[in-house]
Amino acid sequence: MSALGSAALIAALAAAVYAAAAALIGTRGDRRWVVSARRSIYAMCGLMVVAVAAIEVLFVRSDLSVALVAEHSSSTTPLLYKLTALWGSQAGSLMLWAFVLSIASAAVLYLTRNRHREVVPWATAVLAGVAIFFLGLMVAGTLFPGAESWPFAAASPVPAEGAGLTPLLRHPAMAMHPPMLYSGYVFFTIPFAFAIGALITRRLDASWIRSTRRFALVAWIFLSIGLALGARWSYSELGWGGYWAWDPVENAALIPWLTGTAFLHSIMVQERRGMLRVWNVSLICATFALSLLGTFLVRSGVLQSIHAFGESKVGPPLLALIAVVVIGSTVLIVSRLDSLRTERRLDSLFSREAIFLLNNVLLVGLAAVVAWGTFFPLISEAVTGEASSLAAPWFNRYATPLAILLVLFMGIGPLVAWRRVTLTGIARAIAVPLAATLVAAIALALAVGIAESVTAYLLFCVATFALAAVGQEFWRGTVARRRLVGGSRAAALGSLLTRNRRRYGGYVAHVGLVLALFGVAASSSFQTSRDLRLSPGDQAPVGDFTISYERPTVTIDGGEQKLALGAVLDVSREGRHVTTLSPSREYYSGAVAEPDAPLRSFFEGEATSEVGRTESFSRDLWSAMQPDLSGFDRVIDSRDRRYAEALSGLSGAELADPRVQAVIAQAQGQMVRRLADRYLADPPPAEIRFNVNPFVVWFWLGVIVAVGGALFAIWPTPEGRRRRVSDVYGARLARELGGVRQ
Amino acid sequence: MDRDRKRKIRLGVALAVAVLLAVALVYTSFSAGTEAREPSEVLAAGSSAETYQLTGRVTSYERDGTGLEFDIVDRDGGGEVLRVHYTGVVPDPFREGREVIVTGHLGADGTFMADKDSLITKCPSKFSDQVEDPTNVEFVD
């Protein structure tokens, strides 16, 4: 299996090299080379499927002769985490990149096989080039074993048991988070490759955008899901109570998300009005470079982070690729400035394209702020010689006003027509949303008050405005459609949506983001958080709630070598029971198992917080606990010592006897059980963090709505296909008549 | 006023606003940034109200009440021992030998007074070069 996977990876590299060469020859005009290059990319995709299947089979079989399996999985690892352990490693991450890239490349080349005869060969060459880079890094790992980039490297010596996956990562959200983020990064390669092709061939109309915009949206969807899963994991598994900490690695994924979002908007201006051409090609090149930077940051250890991964050998080559992308695309764009210029100008500051431009400025501005803050340790070290870092309040100071303005523009955008609006036109469009906002503003001021959090109040107001504006668009569209074709309201709405998937999908995405930002503003501004130290039977008030520590709990999982010490908390309000929470702290002995100290192994290993919480539409009751085990230290040490003494009497031959081993394993199990019994009989006090997070659930729901809207927008429709054909036909006709300047 | 002139003014205003915002960004970041220091550097500078981001390796720790007291040394394991007083959430992977980052200032009694909830424990990586460390487990993004 290992040999099959190795062969497939090396063959995939060969296919990529051939595809790049054939595509470059094909740029001279011989179609046969281009077709051959495309088929070679299909072959690469098939080979990558084989390679990934091979490594997954090795993981499922727990074949410990493969170093990657031995170091990131074990025979006791649950199946789901055996399958996802691949991307816990560096070599596996590279493989994932190349795998997703090969699928996306094959898909886009299939879809464009009869179009863009000039651009496609160059785009194929760029895609193959990026694939060569990642496959080459892996294959180079066979020459430099220290680089740890070859996924099929043999383990030596072959261990008796694998190290298993880090307990912190044994969470479904975390299992899916890396492939989502990577897919997001990788899919931005597609529009990038076509932009480069369009620049080289000077075919700078909107056709490269039409063919790749769906891939940009797919990238956006993956990146959004990846970011949300990371946040969800942080909220469920890291016992601090939040979902976003402006950590460098989180920021690294947010920055391309912001520029990618800007790109999705600005390309509409080019498609519609032929403007912003320089901006669009610059934006996609920047987004691709930032995606590579995101991959690099996670793997480099350049910035101090909760995710400090240590230094990686793939950092320098990745940085070199980023430099090539940035310098190459800058030179290319500058050399094509004459073709990129358009005669069209902004007619008015009150037009849809102007709003798109402003929204782009805000998004890119926010990306620049986050990038500045993320790299500030490096910047300040270069300037002052002392590395200093910026904390969450600094980021919030900029992100909050920019987010409020973005939501405001989400409301204004749909109300403003292309080219220019008349004063009466805008007055008619804005009346209802403005009235709704005023009502909400007064109601909120009376109910909650403004003073507690001015920024949250402002966000609630602009959110109302944006939701009302989008709602009005749906309403007006439905009414107009019904007047046109008749029928019921629901049918009119349905046909309105399916005829304009991109537009209404976009509006739904806006609704989702507004809801998500509402959740962020409410939960961050109106959170109640208390740290308590409680013993069983104790109770303490937190806000309106009373928390009482009912009883301790213990779970022992022999398979995962996990000991979970928990607490059952009763939450009541004014004497009435509200909910029961069961937070716990999970201790694992697997990775550290010290042969002489079976009990200590649990507490020296990686511990995780299992959050106890109840979610509802209005608030989450969230709790994390950590038992104070300092009183157990003496017991643990003395029992471990007795165990070690008993074991020291045995000879090597006796220790190797399977029957003796079974007795030892049983003794270890008994020790853990007795410790657990002691925890139940004489429970120590626990540190408990209890949070009331209002409306935080809207953050997750908002992301789901936004992703749903984006999915709705990319779904192909027969009408869409027909319209696209007529667009192409129209453009050709216009060219033939010589009436339109390209 | 002709269109070209109007456009130029518009561009000028936009650029001026952008430059102003950029200056504000640079200024606030340099004044808000907390410098990263190691224990020996903090001890050498002496007690002050200045806030630092302290990075070091934990040598021992004890909990009392809701607080945590721990000793830390420079990341390479050398230098003098600095005692840290901390309250708030203790991250899961916190223990002896781990690299931690904590924000606070050096008090008059020579104890580093850490801000609440500022403790970050770095997750050790598969890719670091201390492969002989058996506690060294992998961590993905």
# chains A, B, ... in the order shown; residues from 1 in each chain; ligands from 1

call {"tool": "residues_around", "arguments": {"residues": "segment 82-86 of chain B", "least_positions_apart": "4", "cutoff": "12 Å", "atoms": "only C-alpha atoms", "output": "PyMOL selection string"}}
result
chain B and resi 38-44+46+54-74+78+90+100-107+109-120

call {"tool": "select_by_dssp", "arguments": {"residues": "chain B", "states": "strand (DSSP E or B)", "output": "ChimeraX atom specification"}}
result
/B:34-37,52-64,67-73,82-87,99-106,112-114,120-121

call {"tool": "write_last_selection", "arguments": {"atoms": "C-alpha atoms", "output": "PDB file, in the first residue's frame"}}
result
ATOM      1  CA  THR B  34       3.367  45.358  24.663  1.00  0.00           C
ATOM      2  CA  GLU B  35       6.961  44.360  24.308  1.00  0.00           C
ATOM      3  CA  ALA B  36       7.967  40.748  24.502  1.00  0.00           C
ATOM      4  CA  ARG B  37      10.529  40.049  27.195  1.00  0.00           C
ATOM      5  CA  TYR B  52       5.433  43.412  29.199  1.00  0.00           C
ATOM      6  CA  GLN B  53       4.581  40.238  27.405  1.00  0.00           C
ATOM      7  CA  LEU B  54       6.658  37.747  29.317  1.00  0.00           C
ATOM      8  CA  THR B  55       7.773  34.582  27.554  1.00  0.00           C
ATOM      9  CA  GLY B  56       9.513  31.767  29.343  1.00  0.00           C
ATOM     10  CA  ARG B  57       9.583  28.181  30.462  1.00  0.00           C
ATOM     11  CA  VAL B  58       7.719  27.029  33.574  1.00  0.00           C
ATOM     12  CA  THR B  59       9.935  25.341  36.171  1.00  0.00           C
ATOM     13  CA  SER B  60       7.399  24.820  38.980  1.00  0.00           C
ATOM     14  CA  TYR B  61       3.935  25.908  39.967  1.00  0.00           C
ATOM     15  CA  GLU B  62       1.431  25.786  42.818  1.00  0.00           C
ATOM     16  CA  ARG B  63      -2.196  26.792  43.129  1.00  0.00           C
ATOM     17  CA  ASP B  64      -3.704  28.519  46.115  1.00  0.00           C
ATOM     18  CA  GLY B  67      -4.635  32.053  42.128  1.00  0.00           C
ATOM     19  CA  LEU B  68      -1.709  30.392  40.465  1.00  0.00           C
ATOM     20  CA  GLU B  69       1.919  31.010  41.395  1.00  0.00           C
ATOM     21  CA  PHE B  70       4.617  29.778  39.078  1.00  0.00           C
ATOM     22  CA  ASP B  71       8.320  30.150  38.490  1.00  0.00           C
ATOM     23  CA  ILE B  72       9.648  30.718  35.030  1.00  0.00           C
ATOM     24  CA  VAL B  73      13.056  30.970  33.393  1.00  0.00           C
ATOM     25  CA  LEU B  82      11.112  34.863  38.120  1.00  0.00           C
ATOM     26  CA  ARG B  83       8.004  34.233  40.215  1.00  0.00           C
ATOM     27  CA  VAL B  84       4.667  35.004  38.548  1.00  0.00           C
ATOM     28  CA  HIS B  85       1.352  35.633  40.274  1.00  0.00           C
ATOM     29  CA  TYR B  86      -1.640  34.937  38.052  1.00  0.00           C
ATOM     30  CA  THR B  87      -5.423  34.686  38.276  1.00  0.00           C
ATOM     31  CA  GLU B  99       6.614  27.573  27.234  1.00  0.00           C
ATOM     32  CA  VAL B 100       4.122  30.187  28.321  1.00  0.00           C
ATOM     33  CA  ILE B 101       3.307  33.776  27.413  1.00  0.00           C
ATOM     34  CA  VAL B 102       1.802  36.031  30.070  1.00  0.00           C
ATOM     35  CA  THR B 103       1.146  39.778  30.136  1.00  0.00           C
ATOM     36  CA  GLY B 104       1.714  41.965  33.194  1.00  0.00           C
ATOM     37  CA  HIS B 105       4.273  44.044  35.083  1.00  0.00           C
ATOM     38  CA  LEU B 106       7.022  43.475  37.643  1.00  0.00           C
ATOM     39  CA  PHE B 112       5.569  39.486  38.186  1.00  0.00           C
ATOM     40  CA  MET B 113       1.903  40.505  38.524  1.00  0.00           C
ATOM     41  CA  ALA B 114       0.116  38.971  35.538  1.00  0.00           C
ATOM     42  CA  ILE B 120      -1.200  31.401  27.011  1.00  0.00           C
ATOM     43  CA  THR B 121       0.498  28.024  26.939  1.00  0.00           C
TER      44      THR B 121
END

call {"tool": "atom_distance", "arguments": {"atom1": "atom CA of Glu574 of chain A", "atom2": "atom CA of Trp698 of chain A"}}
result
26.7 Å

call {"tool": "atom_distance", "arguments": {"atom1": "atom CA of Ile25 of chain A", "atom2": "atom CA of Phe288 of chain A"}}
result
25.4 Å

call {"tool": "closest_residue", "arguments": {"among": "B:Ala49, B:Ile9, B:Leu25, B:Leu20", "to": "chain A", "atoms": "only C-alpha atoms"}}
result
B:Leu25

call {"tool": "atom_distance", "arguments": {"atom1": "atom CA of Tyr588 of chain A", "atom2": "atom CA of Pro167 of chain A"}}
result
7.3 Å
